[in-house]
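These notes concern the structure reproduced below.
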Amino acid sequence: MASEFRRTVRGMRDLINEEAENLRFIEQKARKVSRLYGYKEVVTPLVEHYELLAAKLGEENRRRMFVFEDLGGRKVALRPEFTASVARLVATKMQSAPRPLRLFSIGSLYRYDEPQFGRYREFWQANYELFGSNKSEADVEILALTNSLLKEIGLKSYFFKVGHVGILRSILSHDGIAEEQQNSIMQLLDKKQVDIALETAKNAGSSKSSLDTLETLLNIKGRQSDVVISEIYEAVKSYSEALEAAGNLSEIITMLKAGCVDADLLVEAGFARGLEYYTGLVFEVFVVDMDIAVGGGGRYDRLIELFGGGQVPAVGAALGVDRLSLALQKQRQISQRSEERRILVVAVESSLFGQAFKISNMLREKGVIVELEVMRRSVSKALSDADRRGITHVVIVGSKEIKQNMVVLRSMRERTQEIVPIEHLFERIMQ
Ligand code: HAM
């Protein structure tokens with residue numbers, strides 16, 4: 001057999017030690033935030049019909065799907081995101097669920113992206129969708145929830161890039177440019193290919209004044225949102241629908257600030273996304289010094305209708321778990337968590353294993369992480385191994401001490417040891 005199989009498939013990773021721990025740490029925080037905001041978890045399949053996943057995903061993303069035919073001849077694909085699956089649920093099994101409907105998902109996704117720093121072919125997202133409200137309050141909730149999660153995991157120095165695809169699209173619609181062509185233009189803007197985007201708009205029939213307006217918009221951005229918003233109003237003053245979209249963006253930002261959400265916002269009038277389903281607010285979260293987005297989302301009011309579920313407005317966000325983990329490592333937030341105690345309990349001789357076992361369980365019941373020596377190694381061997389395993393304290397159960405209800409407690413960091421009564425063991429470890 002070729003040796004190739006000993007390596008993971010390109011773009012796929014094994015997560016070991018801290019990588020796996022970090023994934024679960026972020027997952028646990030993401031689930032906590034979902035509960036705090038009233039989002040119910042749904043579990044959807046990894047494999048879906050290609051047509052469902054491909055709808056409104058955008059040309060670029062569509063080309064990067066893992067597509068195959070199953071043994072029954074169905075054209076299926078591995079999910080590249082959660083939004084389509086959750087929207088399918090809402091359009092079918094959850095059609096009569098009371099609104100608003102708040103749904104949370106977490107799991108692995110698959111995109112045939114070119115592997116590089118923070119870009120994998122299998123990655124994880126924590127995904128939140130809010131259905132049933134077309135009001136700014138819902139957009140604000142999604143932004144605030146995203147901010148809460150980032151705070152909860154201890155991320156620092158991040159900012160939200162926000163825009164509104166309604167502003168750009170309504171200028172293109174004004175000149176009768178078809179949705180398909182608008183999608184290509186949005187895709188080009190997303191990839192920062194501004195000149196080609198404007199050229200495409202021109203060829204599709206954009207008037208001179210619309211092209212000028214688009215060009216002006218593409219240069220409007222900044223952190224002082226009231227200034228940016230008034231510049232947008234000025235730029236689009238002769239386009240009534242674009243004005244309405246700008247008003248919506250302005251309301252979202254004002255409400256967010258009124259709720260004292262102190263997120264750093266970079267408002268960009270020309271910000272577009274490759275995902276075609278977005279109809280309103282769009283945003284991405286970036287970490288300073290990291291060039292890749294750790295999350296993204298926005299409003300998509302027409303996807304459920306496309307899936308036959310009637311008119312259900314929606315807004316959502318997805319956080320990239322792998323990228324959050326990278327950002328935390330970069331900011332050294334994760335290592336601070338390793339303050340926690342890890343205990344190894346060793347019986348000096350096998351007849352004392354029962355006592356060692358009891359002491360381990362007593363500590364575990366108090367929430368302490370305990371490994372028990374199960375290889376009958378000598379204390380010295382177990383101690384030298386404990387260092388490599390990140391053990392902070394070793395409890396040595398010896399016959400002399402145990403007769404007096406005592407054990408030896410060794411601190412691996414300070415290289416000191418003392419004899420401690422079992423009843424005070426927990427307190428000594430936690431000191
Ligand atoms: P997205 O912007 O395509 O949005 O992905 C969200 C996040 O997933 C990205 O910001 C990034 O952190 C992570 N991500 C995407 N691709 C990769 C990759 N190849 N490797 C590692 N991480 C990656 C969506 O997926 C939308 N469904 C979000 C949404 C939910 N919109 C409304 N509701």
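Scheme for the structure tokens: letters A, B, ... for chains in order shown; per-chain residue numbers from 1; ligand numbers from 1 in order shown.
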Which of segment 31-276 of chain A counts as helix (DSSP H, G or I) under DSSP, as a VMD selection string please?
chain A and resid 31 to 36 50 to 54 59 to 63 83 to 91 136 to 152 165 to 174 179 to 190 194 to 204 208 to 218 225 to 235 240 to 258
For ligand 1, list the contacting residues at 9 Å or closer, counting only C-alpha atoms and all ligand atoms, as an MDAnalysis selection string.
chainID A and resid 11 57 61 80:84 109:130 273:275 277:278 282:286 292:300 314:324
Set the distance at 12 Å and use only C-alpha atoms: which residues neighbour Arg389 of chain A once local chain neighbours fewer than 4 positions away are removed? I'd like the list as an MDAnalysis selection string.
chainID A and resid 17 342:344 370:371 382:385 393:394 412
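The neighbours of segment 366-369 of chain A here are the residues that come within 10 Å of it, using only C-alpha atoms and leaving out any residue fewer than 5 positions away in the same chain; they are Glu340, Arg341, Arg342, Ile343, Leu344, Ser360, Asn361, Ile391, Phe426, Ile429 and Met430 of chain A.
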File of the preceding selection, N, CA, C and O atoms, as a PDB file, in the first residue's frame:
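The result, stored in result24.pdb:
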```
ATOM      1  N   GLU A 340      -5.151  25.933  35.554  1.00  0.00           N
ATOM      2  CA  GLU A 340      -5.880  24.880  36.253  1.00  0.00           C
ATOM      3  C   GLU A 340      -4.950  23.771  36.745  1.00  0.00           C
ATOM      4  O   GLU A 340      -3.891  23.532  36.181  1.00  0.00           O
ATOM      5  N   ARG A 341      -5.386  23.104  37.829  1.00  0.00           N
ATOM      6  CA  ARG A 341      -4.567  22.047  38.426  1.00  0.00           C
ATOM      7  C   ARG A 341      -4.815  20.723  37.716  1.00  0.00           C
ATOM      8  O   ARG A 341      -5.949  20.412  37.394  1.00  0.00           O
ATOM      9  N   ARG A 342      -3.740  19.986  37.517  1.00  0.00           N
ATOM     10  CA  ARG A 342      -3.830  18.612  36.994  1.00  0.00           C
ATOM     11  C   ARG A 342      -3.070  17.735  37.963  1.00  0.00           C
ATOM     12  O   ARG A 342      -1.884  17.958  38.202  1.00  0.00           O
ATOM     13  N   ILE A 343      -3.755  16.762  38.508  1.00  0.00           N
ATOM     14  CA  ILE A 343      -3.180  15.953  39.582  1.00  0.00           C
ATOM     15  C   ILE A 343      -2.878  14.534  39.099  1.00  0.00           C
ATOM     16  O   ILE A 343      -3.658  13.972  38.326  1.00  0.00           O
ATOM     17  N   LEU A 344      -1.759  14.000  39.565  1.00  0.00           N
ATOM     18  CA  LEU A 344      -1.490  12.574  39.349  1.00  0.00           C
ATOM     19  C   LEU A 344      -1.451  11.919  40.723  1.00  0.00           C
ATOM     20  O   LEU A 344      -0.775  12.417  41.630  1.00  0.00           O
ATOM     21  N   SER A 360      -8.452   9.778  44.463  1.00  0.00           N
ATOM     22  CA  SER A 360      -8.692  10.356  43.128  1.00  0.00           C
ATOM     23  C   SER A 360     -10.153  10.742  42.976  1.00  0.00           C
ATOM     24  O   SER A 360     -10.485  11.847  42.523  1.00  0.00           O
ATOM     25  N   ASN A 361     -11.031   9.825  43.370  1.00  0.00           N
ATOM     26  CA  ASN A 361     -12.468  10.101  43.207  1.00  0.00           C
ATOM     27  C   ASN A 361     -12.929  11.255  44.086  1.00  0.00           C
ATOM     28  O   ASN A 361     -13.738  12.075  43.671  1.00  0.00           O
ATOM     29  N   ILE A 391       1.391  17.784  34.471  1.00  0.00           N
ATOM     30  CA  ILE A 391       0.817  17.589  35.801  1.00  0.00           C
ATOM     31  C   ILE A 391       1.346  18.696  36.732  1.00  0.00           C
ATOM     32  O   ILE A 391       2.541  18.995  36.715  1.00  0.00           O
ATOM     33  N   PHE A 426      -7.515  18.803  49.310  1.00  0.00           N
ATOM     34  CA  PHE A 426      -8.115  19.662  48.281  1.00  0.00           C
ATOM     35  C   PHE A 426      -7.714  21.127  48.490  1.00  0.00           C
ATOM     36  O   PHE A 426      -7.273  21.805  47.565  1.00  0.00           O
ATOM     37  N   ILE A 429      -4.134  21.775  47.541  1.00  0.00           N
ATOM     38  CA  ILE A 429      -3.928  21.768  46.084  1.00  0.00           C
ATOM     39  C   ILE A 429      -4.395  23.091  45.479  1.00  0.00           C
ATOM     40  O   ILE A 429      -3.753  23.649  44.598  1.00  0.00           O
ATOM     41  N   MET A 430      -5.513  23.608  45.988  1.00  0.00           N
ATOM     42  CA  MET A 430      -6.111  24.803  45.394  1.00  0.00           C
ATOM     43  C   MET A 430      -5.407  26.107  45.840  1.00  0.00           C
ATOM     44  O   MET A 430      -5.684  27.156  45.300  1.00  0.00           O
TER      45      MET A 430
END
```
Counting only C-alpha atoms, closest pick from A:Ile153, A:Ile396, A:Ile106, A:Val312 relative to Arg410 of chain A is A:Ile396
